[in-house]
$ cat data_13.txt   # compact mmCIF, C-alpha atoms
# COMPACT_ATOMS: atom_id res chain seq x y z
CA MET A 1 69.11 140.27 117.76
CA ASN A 2 69.79 142.78 115.01
CA LYS A 3 71.90 145.73 116.08
CA TYR A 4 70.96 148.68 113.97
CA LYS A 5 69.81 152.18 114.79
CA ILE A 6 66.19 153.00 114.12
CA LYS A 7 65.85 156.34 112.33
CA THR A 8 62.30 157.40 111.64
CA THR A 9 60.54 160.45 110.38
CA ILE A 10 56.86 161.30 110.39
CA LEU A 11 56.75 161.12 106.61
CA LEU A 12 58.30 157.62 106.52
CA SER A 13 55.84 156.37 109.14
CA ILE A 14 52.89 157.61 107.09
CA PHE A 15 54.19 155.87 103.98
CA MET A 16 54.74 152.62 105.84
CA LEU A 17 51.26 152.66 107.38
CA LEU A 18 49.74 153.14 103.95
CA GLY A 19 51.92 150.36 102.53
CA CYS A 20 52.98 152.64 99.72
CA PHE A 21 55.83 152.17 97.30
CA VAL A 22 58.31 154.85 98.27
CA CYS A 23 60.67 156.60 95.90
CA GLY A 24 63.00 159.36 96.90
CA CYS A 25 66.52 160.63 96.79
CA ALA A 26 68.61 159.76 99.81
CA LYS A 27 69.98 162.52 102.00
CA VAL A 28 73.48 162.45 103.41
CA GLU A 29 75.48 164.66 105.72
CA SER A 30 75.71 168.29 104.60
CA SER A 31 79.48 168.04 104.67
CA VAL A 32 79.27 166.00 101.47
CA LYS A 33 78.58 168.18 98.44
CA GLU A 34 76.63 166.82 95.51
CA THR A 35 78.36 167.55 92.24
CA SER A 36 77.22 167.41 88.66
CA GLU A 37 79.74 164.62 88.11
CA ALA A 38 78.07 162.32 90.64
CA SER A 39 76.66 159.10 89.22
CA LYS A 40 72.98 158.84 90.11
CA ILE A 41 71.67 155.31 90.46
CA ALA A 42 68.47 153.78 91.82
CA PHE A 43 68.20 150.85 94.24
CA SER A 44 65.02 148.85 94.87
CA TRP A 45 64.04 146.33 97.53
CA TRP A 46 61.00 145.12 99.44
CA GLY A 47 60.43 144.33 103.09
CA ASN A 48 59.09 145.62 106.39
CA ASP A 49 59.85 148.86 108.24
CA PRO A 50 63.00 147.64 110.05
CA ARG A 51 64.47 146.40 106.74
CA HIS A 52 63.81 149.73 105.07
CA LEU A 53 65.42 151.62 107.93
CA TYR A 54 68.64 149.63 108.28
CA THR A 55 69.02 149.46 104.50
CA MET A 56 68.77 153.24 104.18
CA GLU A 57 71.19 153.69 107.07
CA GLY A 58 73.68 151.41 105.34
CA VAL A 59 73.32 153.10 101.96
CA ASP A 60 73.70 156.52 103.62
CA GLU A 61 77.03 155.28 104.94
CA PHE A 62 77.95 154.01 101.47
CA MET A 63 77.33 157.47 100.00
CA LEU A 64 79.46 159.11 102.68
CA GLU A 65 82.28 156.80 101.68
CA ASN A 66 81.54 157.26 97.95
CA PRO A 67 80.59 160.92 97.43
CA ASP A 68 80.72 160.46 93.67
CA ILE A 69 77.59 158.27 93.81
CA ARG A 70 74.03 159.29 94.68
CA VAL A 71 71.47 156.56 95.37
CA GLU A 72 67.74 156.94 94.88
CA TYR A 73 65.62 154.62 97.04
CA LYS A 74 62.74 152.64 95.56
CA TYR A 75 61.22 150.38 98.20
CA GLY A 76 57.94 149.04 99.50
CA ILE A 77 56.16 146.11 101.09
CA TRP A 78 55.95 142.84 99.14
CA ASN A 79 52.28 143.26 98.26
CA GLY A 80 52.28 144.85 94.81
CA TYR A 81 56.07 144.88 94.49
CA GLU A 82 56.21 142.04 91.97
CA THR A 83 53.63 143.76 89.76
CA ARG A 84 55.61 146.99 89.78
CA ASN A 85 58.80 145.08 89.01
CA ARG A 86 57.11 143.50 86.01
CA VAL A 87 56.20 146.96 84.71
CA PHE A 88 59.78 148.17 85.23
CA MET A 89 61.30 145.19 83.44
CA LYS A 90 58.89 145.26 80.50
CA SER A 91 59.37 149.00 80.02
CA HIS A 92 63.16 148.87 80.64
CA THR A 93 62.88 151.41 83.45
CA GLU A 94 64.09 149.11 86.22
CA PRO A 95 66.41 150.44 88.96
CA ASP A 96 70.16 150.03 88.57
CA VAL A 97 70.48 147.68 91.57
CA MET A 98 67.59 145.38 92.45
CA GLN A 99 66.66 142.87 95.07
CA ILE A 100 65.06 140.06 93.03
CA ASN A 101 63.36 136.73 93.56
CA TYR A 102 65.00 133.51 92.39
CA GLY A 103 62.04 132.79 90.11
CA TRP A 104 62.57 136.06 88.24
CA LEU A 105 65.75 134.82 86.56
CA PRO A 106 64.01 132.47 84.09
CA GLN A 107 61.11 134.91 83.79
CA TYR A 108 63.11 138.01 82.84
CA SER A 109 66.44 136.55 81.74
CA PRO A 110 65.90 133.15 80.09
CA ASP A 111 68.98 133.66 77.89
CA GLY A 112 71.09 135.47 80.50
CA ASP A 113 70.69 138.90 78.89
CA GLY A 114 67.89 140.22 81.09
CA TYR A 115 70.29 141.40 83.80
CA TYR A 116 73.86 142.70 83.66
CA ASP A 117 76.58 140.05 83.54
CA LEU A 118 78.36 140.57 86.86
CA TYR A 119 81.41 138.74 85.55
CA GLU A 120 82.06 141.90 83.54
CA LEU A 121 82.15 143.95 86.76
CA THR A 122 84.68 142.02 88.81
CA ASP A 123 86.87 145.11 89.05
CA TYR A 124 84.22 146.38 91.47
CA ILE A 125 82.57 143.22 92.84
CA ASP A 126 84.60 140.80 94.95
CA LEU A 127 83.31 137.30 94.22
CA SER A 128 85.89 135.50 96.38
CA GLY A 129 83.36 135.20 99.21
CA TYR A 130 81.20 132.90 97.07
CA ASP A 131 81.89 129.36 95.93
CA GLU A 132 80.92 127.89 92.56
CA THR A 133 77.65 126.48 93.87
CA ASP A 134 76.66 129.89 95.24
CA LEU A 135 77.39 131.53 91.90
CA SER A 136 75.55 128.84 89.96
CA PHE A 137 72.23 129.93 91.45
CA GLY A 138 72.56 133.32 89.76
CA THR A 139 74.14 132.10 86.52
CA VAL A 140 72.09 131.88 83.33
CA ASN A 141 73.65 130.73 80.07
CA GLY A 142 77.13 131.27 81.51
CA LYS A 143 76.36 134.84 82.60
CA LEU A 144 76.31 135.81 86.27
CA ASN A 145 72.99 137.63 86.51
CA ALA A 146 72.71 137.87 90.30
CA LEU A 147 74.32 137.10 93.65
CA PRO A 148 72.38 135.21 96.34
CA ILE A 149 71.97 137.08 99.61
CA ALA A 150 70.98 134.08 101.75
CA TYR A 151 69.46 130.65 101.27
CA ASN A 152 65.87 129.77 102.03
CA SER A 153 63.73 126.78 102.76
CA ALA A 154 60.20 126.37 104.04
CA VAL A 155 60.47 125.44 107.73
CA THR A 156 58.09 124.90 110.61
CA TYR A 157 58.14 126.52 114.01
CA TYR A 158 55.76 125.56 116.81
CA ASN A 159 54.59 126.96 120.11
CA LYS A 160 56.13 124.43 122.48
CA ASP A 161 53.95 125.60 125.36
CA VAL A 162 50.77 124.63 123.48
CA TYR A 163 52.13 121.19 122.63
CA ASP A 164 53.31 120.69 126.21
CA LYS A 165 49.82 121.55 127.46
CA TYR A 166 48.43 118.57 125.55
CA GLY A 167 51.34 116.28 126.41
CA LEU A 168 52.54 116.20 122.83
CA ASN A 169 55.90 116.47 121.15
CA VAL A 170 56.09 118.85 118.22
CA PRO A 171 55.22 116.97 115.00
CA GLU A 172 57.87 115.14 113.01
CA THR A 173 55.60 113.10 110.73
CA TRP A 174 52.30 113.60 108.93
CA ASP A 175 50.65 111.23 111.41
CA ASP A 176 51.91 113.41 114.26
CA LEU A 177 50.00 116.34 112.79
CA PHE A 178 46.74 114.40 112.78
CA LEU A 179 47.37 113.17 116.33
CA SER A 180 47.91 116.77 117.43
CA ALA A 181 44.69 117.89 115.78
CA SER A 182 42.69 115.18 117.51
CA ALA A 183 43.90 116.56 120.86
CA MET A 184 43.57 120.28 120.10
CA SER A 185 40.62 120.68 117.75
CA ASP A 186 37.90 120.63 120.45
CA ASP A 187 39.54 123.74 121.89
CA GLY A 188 39.60 125.47 118.49
CA ILE A 189 43.38 125.18 118.07
CA TYR A 190 45.03 124.23 114.77
CA PRO A 191 48.42 122.46 114.83
CA ILE A 192 49.73 124.31 111.75
CA GLY A 193 48.96 126.99 109.18
CA GLY A 194 50.55 128.94 106.35
CA VAL A 195 50.01 131.11 103.29
CA LYS A 196 48.99 129.46 100.03
CA LYS A 197 52.55 129.13 98.68
CA HIS A 198 53.78 127.25 101.73
CA VAL A 199 50.67 125.09 101.97
CA PHE A 200 51.32 124.15 98.33
CA MET A 201 54.91 123.22 99.20
CA LEU A 202 53.69 121.16 102.13
CA LEU A 203 51.38 119.21 99.80
CA VAL A 204 54.18 118.74 97.27
CA ALA A 205 56.38 117.31 100.02
CA TYR A 206 53.66 114.86 101.09
CA TYR A 207 53.07 113.69 97.53
CA GLU A 208 56.75 113.24 96.67
CA GLN A 209 57.46 111.33 99.89
CA THR A 210 54.50 108.98 99.62
CA LYS A 211 54.65 108.45 95.86
CA GLY A 212 58.38 108.73 95.29
CA GLU A 213 57.86 110.95 92.25
CA SER A 214 58.53 114.61 91.53
CA VAL A 215 55.61 116.96 90.90
CA PHE A 216 57.61 119.06 88.40
CA ASP A 217 60.36 118.07 86.01
CA GLU A 218 63.60 120.06 85.70
CA ASN A 219 61.99 122.33 83.09
CA GLY A 220 59.14 123.25 85.42
CA ILE A 221 56.53 121.10 83.66
CA CYS A 222 53.93 119.56 85.96
CA GLN A 223 54.15 115.76 85.64
CA LEU A 224 50.94 114.85 87.45
CA ASP A 225 48.00 113.20 85.74
CA VAL A 226 44.39 113.70 86.88
CA ASP A 227 44.44 110.78 89.33
CA GLU A 228 47.65 112.02 90.95
CA ILE A 229 46.19 115.50 91.37
CA ALA A 230 43.12 113.90 92.95
CA TYR A 231 45.43 112.08 95.39
CA ILE A 232 46.83 115.42 96.59
CA LEU A 233 43.37 116.97 96.78
CA GLU A 234 42.08 114.15 98.99
CA PHE A 235 44.95 114.63 101.42
CA TYR A 236 44.44 118.39 101.41
CA LYS A 237 40.75 117.98 102.20
CA ARG A 238 41.60 115.61 105.03
CA LEU A 239 43.96 118.21 106.52
CA ILE A 240 41.12 120.76 106.47
CA ASP A 241 38.30 118.44 107.55
CA GLU A 242 40.24 117.07 110.53
CA LYS A 243 41.33 120.59 111.51
CA VAL A 244 45.03 119.90 111.12
CA LEU A 245 45.57 122.87 108.82
CA ILE A 246 43.78 126.17 109.25
CA PRO A 247 42.13 127.17 105.95
CA ILE A 248 44.42 129.46 103.99
CA ASP A 249 41.93 132.32 103.88
CA GLN A 250 41.65 132.23 107.67
CA PHE A 251 45.39 132.11 108.27
CA ASP A 252 46.77 135.09 110.14
CA ARG A 253 50.21 135.24 111.73
CA ASN A 254 48.68 136.98 114.75
CA LEU A 255 46.88 133.74 115.65
CA LEU A 256 50.28 132.45 116.74
CA SER A 257 50.41 135.11 119.45
CA THR A 258 46.98 134.19 120.83
CA GLY A 259 47.67 130.45 120.94
CA GLU A 260 44.84 129.68 118.49
CA LEU A 261 47.47 128.44 116.06
CA ALA A 262 50.12 126.11 117.46
CA GLY A 263 52.56 126.27 114.56
CA ALA A 264 53.24 127.59 111.07
CA ILE A 265 55.22 126.89 107.93
CA PHE A 266 57.16 129.80 106.40
CA TRP A 267 60.47 130.89 104.88
CA ILE A 268 63.62 130.93 106.98
CA SER A 269 63.96 134.58 105.98
CA ASP A 270 60.62 135.33 107.71
CA ILE A 271 61.49 133.60 110.97
CA ASP A 272 61.88 136.71 113.11
CA ASN A 273 58.40 137.91 112.20
CA TYR A 274 56.72 134.58 112.94
CA CYS A 275 58.72 133.62 116.01
CA SER A 276 58.17 137.02 117.60
CA SER A 277 54.43 136.31 117.35
CA ILE A 278 54.84 132.90 118.99
CA ALA A 279 57.08 134.38 121.69
CA GLU A 280 54.35 136.80 122.80
CA THR A 281 52.57 133.96 124.63
CA GLY A 282 54.76 130.89 124.27
CA THR A 283 58.09 129.33 123.38
CA PRO A 284 59.09 129.04 119.69
CA VAL A 285 60.71 125.72 118.82
CA LEU A 286 62.02 124.59 115.42
CA GLY A 287 60.29 121.57 113.92
CA LYS A 288 62.01 119.03 111.73
CA TYR A 289 61.12 118.75 108.06
CA LEU A 290 57.91 116.70 108.10
CA VAL A 291 58.37 113.17 106.80
CA ASN A 292 56.23 110.12 106.15
CA LYS A 293 57.86 108.05 108.88
CA ALA A 294 60.23 109.03 111.66
CA GLY A 295 63.84 108.65 110.55
CA ASN A 296 63.10 108.97 106.84
CA ASP A 297 65.13 111.35 104.73
CA VAL A 298 63.57 114.72 103.95
CA SER A 299 62.85 114.16 100.27
CA GLY A 300 60.08 116.35 98.97
CA TRP A 301 61.43 119.48 100.63
CA TYR A 302 63.37 122.13 98.73
CA LYS A 303 65.82 125.00 99.15
CA LYS A 304 66.64 128.06 97.06
CA PRO A 305 68.27 131.47 97.33
CA ALA A 306 66.09 133.59 99.59
CA THR A 307 66.62 136.65 97.42
CA LEU A 308 69.39 137.92 95.17
CA TYR A 309 70.90 141.22 94.05
CA ALA A 310 71.08 142.01 90.35
CA ILE A 311 72.07 144.99 88.20
CA SER A 312 69.97 146.32 85.34
CA ALA A 313 71.22 145.25 81.91
CA GLY A 314 70.56 148.81 80.75
CA SER A 315 72.21 150.64 83.65
CA GLU A 316 73.93 153.85 82.53
CA HIS A 317 76.33 153.60 85.47
CA PRO A 318 77.16 149.89 85.85
CA ASP A 319 80.42 150.63 87.67
CA ALA A 320 78.62 152.69 90.34
CA ALA A 321 75.90 150.04 90.57
CA ALA A 322 78.55 147.35 91.01
CA ARG A 323 80.23 149.28 93.83
CA LEU A 324 76.90 149.53 95.63
CA LEU A 325 76.14 145.83 95.09
CA ASN A 326 79.56 144.88 96.43
CA TYR A 327 78.91 147.02 99.52
CA LEU A 328 75.51 145.39 100.08
CA VAL A 329 76.83 141.83 100.05
CA ASN A 330 80.40 142.12 101.35
CA ASP A 331 80.91 145.22 103.50
CA PRO A 332 81.20 144.48 107.26
CA LYS A 333 79.24 147.60 108.27
CA MET A 334 76.32 146.68 106.04
CA ALA A 335 76.51 143.06 107.21
CA VAL A 336 76.24 144.07 110.87
CA LEU A 337 73.28 146.36 110.16
CA GLN A 338 71.49 143.60 108.25
CA SER A 339 72.64 140.82 110.58
CA THR A 340 70.42 137.76 109.93
CA GLU A 341 67.26 139.69 109.03
CA LYS A 342 67.39 138.38 105.44
CA GLY A 343 68.75 135.01 106.52
CA ILE A 344 72.30 133.82 107.11
CA PRO A 345 74.56 135.65 104.63
CA VAL A 346 76.07 133.66 101.79
CA SER A 347 79.10 135.94 101.43
CA THR A 348 81.85 134.68 103.73
CA TYR A 349 82.88 138.29 104.39
CA ALA A 350 79.41 139.25 105.62
CA LEU A 351 79.18 136.01 107.59
CA LYS A 352 82.48 136.65 109.37
CA ALA A 353 81.44 140.22 110.20
CA ILE A 354 78.25 139.19 112.00
CA GLU A 355 79.99 136.25 113.65
CA ASP A 356 82.71 138.58 115.00
CA GLU A 357 79.97 140.82 116.45
CA GLY A 358 78.26 137.89 118.17
CA LEU A 359 75.18 138.20 115.96
CA LEU A 360 75.20 134.68 114.57
CA GLU A 361 72.50 133.37 116.86
CA GLY A 362 68.74 133.06 117.07
CA TYR A 363 65.89 131.24 115.37
CA SER A 364 67.13 131.74 111.81
CA VAL A 365 70.55 130.30 112.67
CA ASP A 366 68.96 127.12 114.02
CA ALA A 367 66.82 126.75 110.91
CA ASN A 368 69.76 127.48 108.61
CA ASN A 369 71.84 124.82 110.37
CA GLN A 370 69.03 122.32 109.94
CA MET A 371 68.90 123.18 106.22
CA ILE A 372 72.67 122.67 105.91
CA GLU A 373 72.52 119.35 107.80
CA ALA A 374 69.81 118.10 105.44
CA GLY A 375 72.37 118.41 102.64
CA ASP A 376 71.46 116.89 99.30
CA SER A 377 68.18 115.52 100.67
CA LEU A 378 66.80 118.99 100.01
CA LYS A 379 66.33 119.44 96.29
CA ILE A 380 66.89 122.72 94.48
CA MET A 381 63.59 124.54 94.09
CA ILE A 382 62.21 124.84 90.58
CA PRO A 383 60.86 128.35 89.89
CA ALA A 384 57.53 126.85 88.74
CA MET A 385 56.90 125.79 92.33
CA GLU A 386 56.61 129.47 93.22
CA ASP A 387 54.61 130.49 90.16
CA ASP A 388 51.64 132.31 91.65
CA SER A 389 49.42 131.45 88.69
CA VAL A 390 50.05 127.72 89.18
CA ILE A 391 49.46 127.95 92.93
CA GLU A 392 46.26 129.98 92.48
CA ILE A 393 44.92 127.46 89.95
CA PHE A 394 45.44 124.74 92.54
CA LYS A 395 44.00 126.71 95.46
CA SER A 396 40.87 128.02 93.76
CA ASN A 397 39.89 124.62 92.39
CA ALA A 398 40.84 122.85 95.61
CA ASP A 399 38.61 125.27 97.54
CA ALA A 400 35.71 124.43 95.23
CA TYR A 401 36.20 120.73 96.02
CA ILE A 402 36.78 121.16 99.76
CA TYR A 403 33.61 123.23 100.13
CA ASP A 404 31.53 120.79 98.04
CA LYS A 405 30.98 122.99 94.98
CA VAL A 406 32.49 120.44 92.60
CA THR A 407 33.39 116.77 92.77
CA LEU A 408 36.91 115.47 93.34
CA GLU A 409 37.12 114.35 89.72
CA GLU A 410 35.92 117.71 88.41
CA ALA A 411 38.41 119.67 90.52
CA ALA A 412 41.32 117.42 89.55
CA GLN A 413 40.45 117.61 85.85
CA LYS A 414 40.16 121.39 85.92
CA ILE A 415 43.52 121.77 87.71
CA TYR A 416 45.12 119.46 85.15
CA ASP A 417 43.63 121.34 82.19
CA GLU A 418 44.44 124.83 83.47
CA ILE A 419 48.02 124.06 84.52
CA ASN A 420 48.77 122.34 81.24
CA LYS A 421 47.71 125.41 79.30

$ encode --input "data_13.txt" --output "structure tokens"
Amino acid sequence: MNKYKIKTTILLSIFMLLGCFVCGCAKVESSVKETSEASKIAFSWWGNDPRHLYTMEGVDEFMLENPDIRVEYKYGIWNGYETRNRVFMKSHTEPDVMQINYGWLPQYSPDGDGYYDLYELTDYIDLSGYDETDLSFGTVNGKLNALPIAYNSAVTYYNKDVYDKYGLNVPETWDDLFLSASAMSDDGIYPIGGVKKHVFMLLVAYYEQTKGESVFDENGICQLDVDEIAYILEFYKRLIDEKVLIPIDQFDRNLLSTGELAGAIFWISDIDNYCSSIAETGTPVLGKYLVNKAGNDVSGWYKKPATLYAISAGSEHPDAAARLLNYLVNDPKMAVLQSTEKGIPVSTYALKAIEDEGLLEGYSVDANNQMIEAGDSLKIMIPAMEDDSVIEIFKSNADAYIYDKVTLEEAAQKIYDEINK
């Protein structure tokens, strides 16, 4: 369990309920005097209420220790955050320190100049807690644009109590999912569900395992022809028709707490949210990466940095920004406050801090260990796999086919044409 103090105010609660993007100057103890010489920097992130609260508590502590730096908070929920980030980046008004998505590196820094080169700030940032592989995820054109916070993979967790009720083991293969649905569907229970991104990844995994081919090449170009897209669509429709997968537009995490949904696919970094829903009425249990046949390797499944920290290429105070970034990824106090809420820390310093405090336990640790054990069988995620425009093209046209508005051939052709634009 995370061990951080919850500090709330009425104003913060109102903002969180409205789901607003919050921007404000942090307040620290009155014993610290703000001076005209203080470097003022901005820091942005997204997440839920607990993340906002422990992050602000940690940054407050950072400012107490560094009275020459003042940090302005810019935070909000995920919904709408990416759009605002796009505006910031295009207008060059982005915050000094930013939590970013892995897919934003090629989008905003294809040549490595979109974010500050952290190699130029090693007087302030200790990189010794990262190995070369860790650093490679944030490196573009030889420039270190960002540091990974934790690693991520799409994983499945199930309500063991529901599966026990039907005398079933949690699914390990695609056939197991269909077997589960045949037992549960008469009672209105779906074996698995997820948001559109994770359903897309599930379908990619099925295709790559059964066909032995990659959906995207290393440059993010979709390699599927019309017939291959139709193959995926037919499997997707079967999942819906046989009530294996709850339709995306009906998916709600709260269905896990009522038992109407017996499992879900989601990021490791979201495990606490999902497993807490399962735990309200049942027992969360980690599922293996789904495979075509029991004992097969887990090809078709991917891993990536969960999120990363970057510094604005145009920051007026890069040294102050670097000191804050170093604190966020390496400082033991910040590590203990964050614990495993964003996943298992990549920095060995942060990892040791939470291990020393007995915090290296729980659902995310189990999933992270499974990801590590999978090793090279998990491929490195290509940013195109998370491109919302690509996923929406697939979903909207797949829906038209599933609900008999167009033929299989028409849907496959339209997906092919629109993606290849």

$ residues_around --input "data_13.txt" --residues "A:Leu408" --least-positions-apart "3" --cutoff "9 Å" --atoms "only C-alpha atoms" --output "compact mmCIF listing (two decimals) with C-alpha atoms, in the frame of the given file"
# COMPACT_ATOMS: atom_id res chain seq x y z
CA ALA A 230 43.12 113.90 92.95
CA LEU A 233 43.37 116.97 96.78
CA GLU A 234 42.08 114.15 98.99
CA ALA A 398 40.84 122.85 95.61
CA TYR A 401 36.20 120.73 96.02
CA ILE A 402 36.78 121.16 99.76
CA ASP A 404 31.53 120.79 98.04
CA ALA A 411 38.41 119.67 90.52
CA ALA A 412 41.32 117.42 89.55
CA GLN A 413 40.45 117.61 85.85

$ residues_near_point --input "data_13.txt" --point "(62.6, 131.4, 116.0)" --cutoff "10 Å" --atoms "all atoms listed in the file" --output "PDB file with C-alpha atoms, in the frame of the given file"
ATOM      1  CA  THR A 156      58.090 124.900 110.610  1.00  0.00           C
ATOM      2  CA  TYR A 157      58.140 126.520 114.010  1.00  0.00           C
ATOM      3  CA  TYR A 158      55.760 125.560 116.810  1.00  0.00           C
ATOM      4  CA  ILE A 268      63.620 130.930 106.980  1.00  0.00           C
ATOM      5  CA  ASP A 270      60.620 135.330 107.710  1.00  0.00           C
ATOM      6  CA  ILE A 271      61.490 133.600 110.970  1.00  0.00           C
ATOM      7  CA  ASP A 272      61.880 136.710 113.110  1.00  0.00           C
ATOM      8  CA  ASN A 273      58.400 137.910 112.200  1.00  0.00           C
ATOM      9  CA  TYR A 274      56.720 134.580 112.940  1.00  0.00           C
ATOM     10  CA  CYS A 275      58.720 133.620 116.010  1.00  0.00           C
ATOM     11  CA  SER A 276      58.170 137.020 117.600  1.00  0.00           C
ATOM     12  CA  SER A 277      54.430 136.310 117.350  1.00  0.00           C
ATOM     13  CA  ILE A 278      54.840 132.900 118.990  1.00  0.00           C
ATOM     14  CA  ALA A 279      57.080 134.380 121.690  1.00  0.00           C
ATOM     15  CA  THR A 283      58.090 129.330 123.380  1.00  0.00           C
ATOM     16  CA  PRO A 284      59.090 129.040 119.690  1.00  0.00           C
ATOM     17  CA  VAL A 285      60.710 125.720 118.820  1.00  0.00           C
ATOM     18  CA  LEU A 286      62.020 124.590 115.420  1.00  0.00           C
ATOM     19  CA  GLY A 362      68.740 133.060 117.070  1.00  0.00           C
ATOM     20  CA  TYR A 363      65.890 131.240 115.370  1.00  0.00           C
ATOM     21  CA  SER A 364      67.130 131.740 111.810  1.00  0.00           C
ATOM     22  CA  VAL A 365      70.550 130.300 112.670  1.00  0.00           C
ATOM     23  CA  ASP A 366      68.960 127.120 114.020  1.00  0.00           C
ATOM     24  CA  ALA A 367      66.820 126.750 110.910  1.00  0.00           C
TER      25      ALA A 367
END

$ closest_residue --input "data_13.txt" --among "A:Thr139, A:Thr173, A:Thr210, A:Ser153" --to "A:Ala374" --atoms "all atoms listed in the file"
A:Ser153

$ residues_around --input "data_13.txt" --residues "A:Tyr190" --least-positions-apart "6" --cutoff "7 Å" --atoms "all atoms listed in the file" --output "list in words"
Ala181, Met184, Lys243, Val244, Leu245, Ile246, Glu260, Leu261 and Ala262 of chain A

$ write_last_selection --input "data_13.txt" --atoms "C-alpha atoms" --output "PDB file, in the coordinates of the input"
ATOM      1  CA  ALA A 181      44.690 117.890 115.780  1.00  0.00           C
ATOM      2  CA  MET A 184      43.570 120.280 120.100  1.00  0.00           C
ATOM      3  CA  LYS A 243      41.330 120.590 111.510  1.00  0.00           C
ATOM      4  CA  VAL A 244      45.030 119.900 111.120  1.00  0.00           C
ATOM      5  CA  LEU A 245      45.570 122.870 108.820  1.00  0.00           C
ATOM      6  CA  ILE A 246      43.780 126.170 109.250  1.00  0.00           C
ATOM      7  CA  GLU A 260      44.840 129.680 118.490  1.00  0.00           C
ATOM      8  CA  LEU A 261      47.470 128.440 116.060  1.00  0.00           C
ATOM      9  CA  ALA A 262      50.120 126.110 117.460  1.00  0.00           C
TER      10      ALA A 262
END

$ residues_around --input "data_13.txt" --residues "A:Gly47" --least-positions-apart "6" --cutoff "10 Å" --atoms "all atoms listed in the file" --output "list in words"
Tyr75, Gly76, Ile77, Trp78, Asn79, Tyr81 and Lys342 of chain A
